[in-house]
$ cat work-v3.cif   # mmCIF, C-alpha atoms and all ligand atoms
data_entry
#
loop_
_atom_site.label_atom_id
_atom_site.label_comp_id
_atom_site.auth_asym_id
_atom_site.auth_seq_id
_atom_site.Cartn_x
_atom_site.Cartn_y
_atom_site.Cartn_z
CA MET A 2 -12.97 -7.64 -10.73
CA LYS A 3 -10.28 -9.82 -12.30
CA VAL A 4 -10.26 -7.94 -15.59
CA GLY A 5 -9.85 -4.61 -13.86
CA ALA A 6 -7.01 -5.91 -11.78
CA ARG A 7 -5.07 -7.08 -14.82
CA ALA A 8 -5.49 -3.79 -16.59
CA PHE A 9 -4.20 -2.05 -13.51
CA LYS A 10 -1.11 -4.24 -13.40
CA ARG A 11 -0.11 -3.24 -16.91
CA VAL A 12 -0.31 0.42 -16.02
CA VAL A 13 1.49 0.31 -12.73
CA ILE A 14 4.66 -1.61 -13.54
CA PRO A 15 5.99 0.69 -16.27
CA LEU A 16 5.31 3.66 -14.01
CA ALA A 17 7.24 2.14 -11.17
CA ALA A 18 10.12 1.08 -13.39
CA GLY A 19 10.64 4.57 -14.71
CA GLY A 20 12.41 5.85 -11.64
CA LEU A 21 10.32 8.98 -11.76
CA MET A 22 9.54 8.80 -8.07
CA LEU A 23 13.16 8.91 -6.90
CA THR A 24 13.23 12.60 -6.11
CA ALA A 25 9.99 12.38 -4.17
CA VAL A 26 11.37 9.44 -2.21
CA SER A 27 14.46 11.24 -1.05
CA THR A 28 12.44 14.28 -0.01
CA VAL A 29 10.29 12.15 2.23
CA LEU A 30 13.10 10.01 3.59
CA THR A 31 15.23 12.87 4.79
CA SER A 32 12.46 13.81 7.21
CA SER A 33 12.95 10.62 9.20
CA ALA A 34 15.97 8.45 9.90
CA GLN A 35 13.73 5.45 10.46
CA ALA A 36 12.04 5.90 7.14
CA ALA A 37 15.40 5.55 5.41
CA GLU A 38 15.34 1.85 6.26
CA ALA A 39 12.46 1.26 3.89
CA GLU A 40 13.57 -0.54 0.75
CA MET A 41 10.49 0.14 -1.34
CA LYS A 42 7.85 2.81 -1.43
CA VAL A 43 4.27 2.98 -2.61
CA ASP A 44 2.48 6.32 -2.87
CA VAL A 45 -1.24 6.38 -2.25
CA THR A 46 -2.97 9.71 -2.85
CA ILE A 47 -6.58 10.03 -1.74
CA THR A 48 -9.07 12.48 -3.16
CA ASP A 49 -12.82 12.52 -2.59
CA GLN A 50 -13.11 10.61 -5.89
CA GLY A 51 -10.84 7.72 -4.95
CA TYR A 52 -7.25 6.53 -4.73
CA SER A 53 -4.33 7.06 -7.01
CA VAL A 54 -1.42 4.64 -6.54
CA LYS A 55 2.18 4.94 -7.72
CA GLY A 56 4.80 2.28 -7.24
CA HIS A 57 4.87 -1.35 -6.19
CA THR A 58 6.94 -3.46 -3.86
CA THR A 59 8.64 -6.86 -3.79
CA PRO A 60 8.30 -9.81 -1.38
CA GLY A 61 10.28 -9.44 1.80
CA ALA A 62 11.10 -5.77 1.25
CA LEU A 63 10.36 -3.34 4.06
CA THR A 64 7.87 -1.11 2.33
CA ALA A 65 6.72 2.39 3.14
CA VAL A 66 3.19 3.14 2.01
CA VAL A 67 2.91 6.91 2.00
CA VAL A 68 -0.73 7.91 2.19
CA ARG A 69 -1.80 11.50 1.47
CA ASN A 70 -5.31 12.79 1.89
CA GLN A 71 -5.84 15.54 -0.68
CA GLY A 72 -9.60 15.34 -0.34
CA SER A 73 -11.93 17.62 1.58
CA MET A 74 -13.02 15.11 4.23
CA THR A 75 -11.66 12.34 6.42
CA HIS A 76 -10.78 9.22 4.43
CA GLY A 77 -9.64 5.81 5.52
CA ILE A 78 -7.56 2.95 4.28
CA SER A 79 -8.24 -0.64 5.24
CA SER A 80 -6.73 -3.83 3.82
CA PRO A 81 -6.30 -7.51 4.65
CA LEU A 82 -2.62 -6.63 4.66
CA PHE A 83 -3.07 -4.68 7.88
CA LYS A 84 -4.23 -7.76 9.76
CA ALA A 85 -0.92 -9.43 8.96
CA GLY A 86 0.73 -6.46 10.58
CA VAL A 87 1.77 -2.94 9.94
CA VAL A 88 5.25 -2.70 11.40
CA LYS A 89 4.98 0.95 12.21
CA LYS A 90 2.97 4.08 11.45
CA GLU A 91 4.51 7.54 11.13
CA GLY A 92 2.91 10.92 10.75
CA ALA A 93 -0.75 11.72 11.12
CA GLY A 94 -3.53 9.18 10.94
CA VAL A 95 -5.51 7.27 13.53
CA GLU A 96 -5.57 3.51 13.82
CA ILE A 97 -9.09 2.07 13.98
CA ARG A 98 -9.66 -1.42 15.32
CA GLY A 99 -12.66 -3.68 15.52
CA GLU A 100 -14.28 -4.61 18.79
CA LYS A 101 -11.95 -6.34 21.21
CA GLY A 102 -9.05 -5.32 19.01
CA LYS A 103 -9.43 -8.08 16.49
CA GLY A 104 -10.31 -8.48 12.89
CA PHE A 105 -10.99 -5.17 11.27
CA ARG A 106 -8.27 -2.58 11.15
CA ALA A 107 -8.13 0.70 9.28
CA TYR A 108 -6.31 4.02 9.38
CA HIS A 109 -8.16 7.31 9.15
CA LEU A 110 -6.54 10.43 7.79
CA GLU A 111 -7.77 14.03 7.95
CA PRO A 112 -7.70 16.31 4.87
CA GLY A 113 -4.25 17.65 4.08
CA GLN A 114 -2.48 15.09 6.25
CA THR A 115 0.08 12.42 5.41
CA MET A 116 0.96 9.16 7.11
CA THR A 117 3.38 6.36 6.35
CA LEU A 118 2.54 2.73 7.00
CA TYR A 119 5.43 0.26 7.00
CA PHE A 120 4.95 -3.42 6.27
CA GLN A 121 6.88 -6.43 5.10
CA LYS A 122 5.23 -9.31 3.28
CA GLU A 123 7.08 -12.57 2.83
CA ALA A 124 7.09 -14.34 -0.52
CA HIS A 125 4.19 -16.69 -1.05
CA ALA A 126 5.31 -19.60 -3.23
CA ASP A 127 2.86 -21.67 -5.22
CA PRO A 128 2.97 -25.14 -3.60
CA GLY A 129 2.68 -26.80 -7.01
CA THR A 130 5.41 -24.97 -8.90
CA GLY A 131 7.50 -23.48 -6.10
CA ILE A 132 7.31 -20.18 -7.94
CA SER A 133 6.42 -17.03 -6.06
CA GLU A 134 3.78 -15.06 -7.83
CA THR A 135 2.89 -11.43 -7.92
CA MET A 136 0.30 -10.59 -5.28
CA GLN A 137 -2.32 -7.89 -5.38
CA VAL A 138 -2.90 -5.97 -2.19
CA PRO A 139 -6.46 -4.60 -2.25
CA PHE A 140 -7.48 -1.72 -0.03
CA TRP A 141 -10.53 0.45 0.43
CA CYS A 142 -11.92 3.38 2.36
CA ASP A 143 -13.87 2.04 5.33
CA ILE A 144 -15.78 5.34 5.49
CA HIS A 145 -16.76 5.41 1.80
CA GLN A 146 -16.75 1.82 0.73
CA HIS A 147 -17.06 2.53 -2.98
CA MET A 148 -13.49 3.89 -2.85
CA LYS A 149 -11.12 1.05 -3.70
CA GLY A 150 -7.55 0.63 -4.83
CA GLU A 151 -4.72 -1.85 -4.91
CA PHE A 152 -0.99 -2.16 -5.36
CA LEU A 153 1.24 -5.04 -6.31
CA ILE A 154 3.88 -7.09 -4.55
CA VAL A 155 5.90 -8.14 -7.59
CA GLU A 156 8.08 -11.22 -7.46
CA THR A 157 11.17 -10.39 -9.49
CA ARG A 158 13.67 -13.06 -8.41
CA GLY A 159 12.41 -15.61 -10.97
CA GLU A 160 13.44 -13.25 -13.76
CA VAL A 161 17.07 -13.02 -12.70
CA GLY A 162 19.66 -15.13 -14.56
CA GLY A 163 19.17 -17.30 -17.58
CA GLY A 164 21.53 -15.08 -19.59
CU CU B 201 -13.19 7.97 2.02
#

$ encode --input "work-v3.cif" --output "structure tokens"
Amino acid sequence: MKVGARAFKRVVIPLAAGGLMLTAVSTVLTSSAQAAEAEMKVDVTITDQGYSVKGHTTPGALTAVVVRNQGSMTHGISSPLFKAGVVKKEGAGVEIRGEKGKGFRAYHLEPGQTMTLYFQKEAHADPGTGISETMQVPFWCDIHQHMKGEFLIVETRGEVGGG
């Protein structure tokens, strides 16, 4: 698990830094005034084979996770992050909760549909060093539990200065 996660990190950061997604971002944002408030964006594309993730976010940034189902069946997305709170959901997609509304939470999306989940995650500093570290946000399909993905919340503030 750990090895795979590290390999993923190396792939994702250069992609996100390239600015390649900027045109796609503006296309999506113009469709909603509220969406324009999002500071960061993560794209999650679902096929019947699994997830493909582009982008990352930073601690404290209001983040739009744009989820597209390009598969042929209903897929879901569930994450510990959702328990902490999705600020808002736009577009298609159905929120699924556990019994009595607690614990488990997922979002189901029909084929061809898109939804946007907004969240904000505060920095989590290491109590020993005071340094905020990059966090991995794991997620999975609650319908097909072999489908897994993750994206990163990258702490960048520690890299500023020193010049
Ligand atoms: Cu699925």

$ closest_atom_pairs --input "work-v3.cif" --of "chain A" --to "ligand CU 201 (chain B)" --cutoff "9 Å" --atoms "only C-alpha atoms and all ligand atoms" --output "Markdown table"
| residue | atom | partner | partner_atom | distance |
| --- | --- | --- | --- | --- |
| A:Ile47 | CA | B:CU201 | CU | 7.9 |
| A:Thr48 | CA | B:CU201 | CU | 8.0 |
| A:Asp49 | CA | B:CU201 | CU | 6.5 |
| A:Gln50 | CA | B:CU201 | CU | 8.3 |
| A:Gly51 | CA | B:CU201 | CU | 7.4 |
| A:Gly72 | CA | B:CU201 | CU | 8.5 |
| A:Met74 | CA | B:CU201 | CU | 7.5 |
| A:Thr75 | CA | B:CU201 | CU | 6.4 |
| A:His76 | CA | B:CU201 | CU | 3.6 |
| A:Gly77 | CA | B:CU201 | CU | 5.4 |
| A:Ile78 | CA | B:CU201 | CU | 7.9 |
| A:His109 | CA | B:CU201 | CU | 8.8 |
| A:Trp141 | CA | B:CU201 | CU | 8.1 |
| A:Cys142 | CA | B:CU201 | CU | 4.8 |
| A:Asp143 | CA | B:CU201 | CU | 6.8 |
| A:Ile144 | CA | B:CU201 | CU | 5.1 |
| A:His145 | CA | B:CU201 | CU | 4.4 |
| A:Gln146 | CA | B:CU201 | CU | 7.2 |
| A:His147 | CA | B:CU201 | CU | 8.3 |
| A:Met148 | CA | B:CU201 | CU | 6.4 |

$ closest_residue --input "work-v3.cif" --among "A:Gln137, A:Thr115, A:Ser53, A:Thr58" --to "A:Asn70" --atoms "only C-alpha atoms"
A:Thr115

$ residues_around --input "work-v3.cif" --residues "A:Ile97" --least-positions-apart "6" --cutoff "7 Å" --atoms "all atoms listed in the file" --output "PyMOL selection string"
chain A and resi 106-108

$ atom_distance --input "work-v3.cif" --atom1 "atom CA of A:Ile154" --atom2 "atom CA of A:Val138"
7.3 Å

$ atom_distance --input "work-v3.cif" --atom1 "atom CA of A:Gly99" --atom2 "atom CA of A:Phe140"
16.5 Å

$ atom_distance --input "work-v3.cif" --atom1 "atom CA of A:Glu111" --atom2 "atom CA of A:Val43"
19.5 Å

$ residues_around --input "work-v3.cif" --residues "A:Ala85" --least-positions-apart "3" --cutoff "10 Å" --atoms "only C-alpha atoms" --output "PyMOL selection string"
chain A and resi 80-82+88+120-122

$ closest_residue --input "work-v3.cif" --among "A:Val155, A:Met116, A:Val68, A:Met41" --to "A:Ser133" --atoms "all atoms listed in the file"
A:Val155

$ closest_residue --input "work-v3.cif" --among "A:Glu156, A:Gln114, A:Lys101, A:Pro139" --to "A:Asp127" --atoms "all atoms listed in the file"
A:Glu156
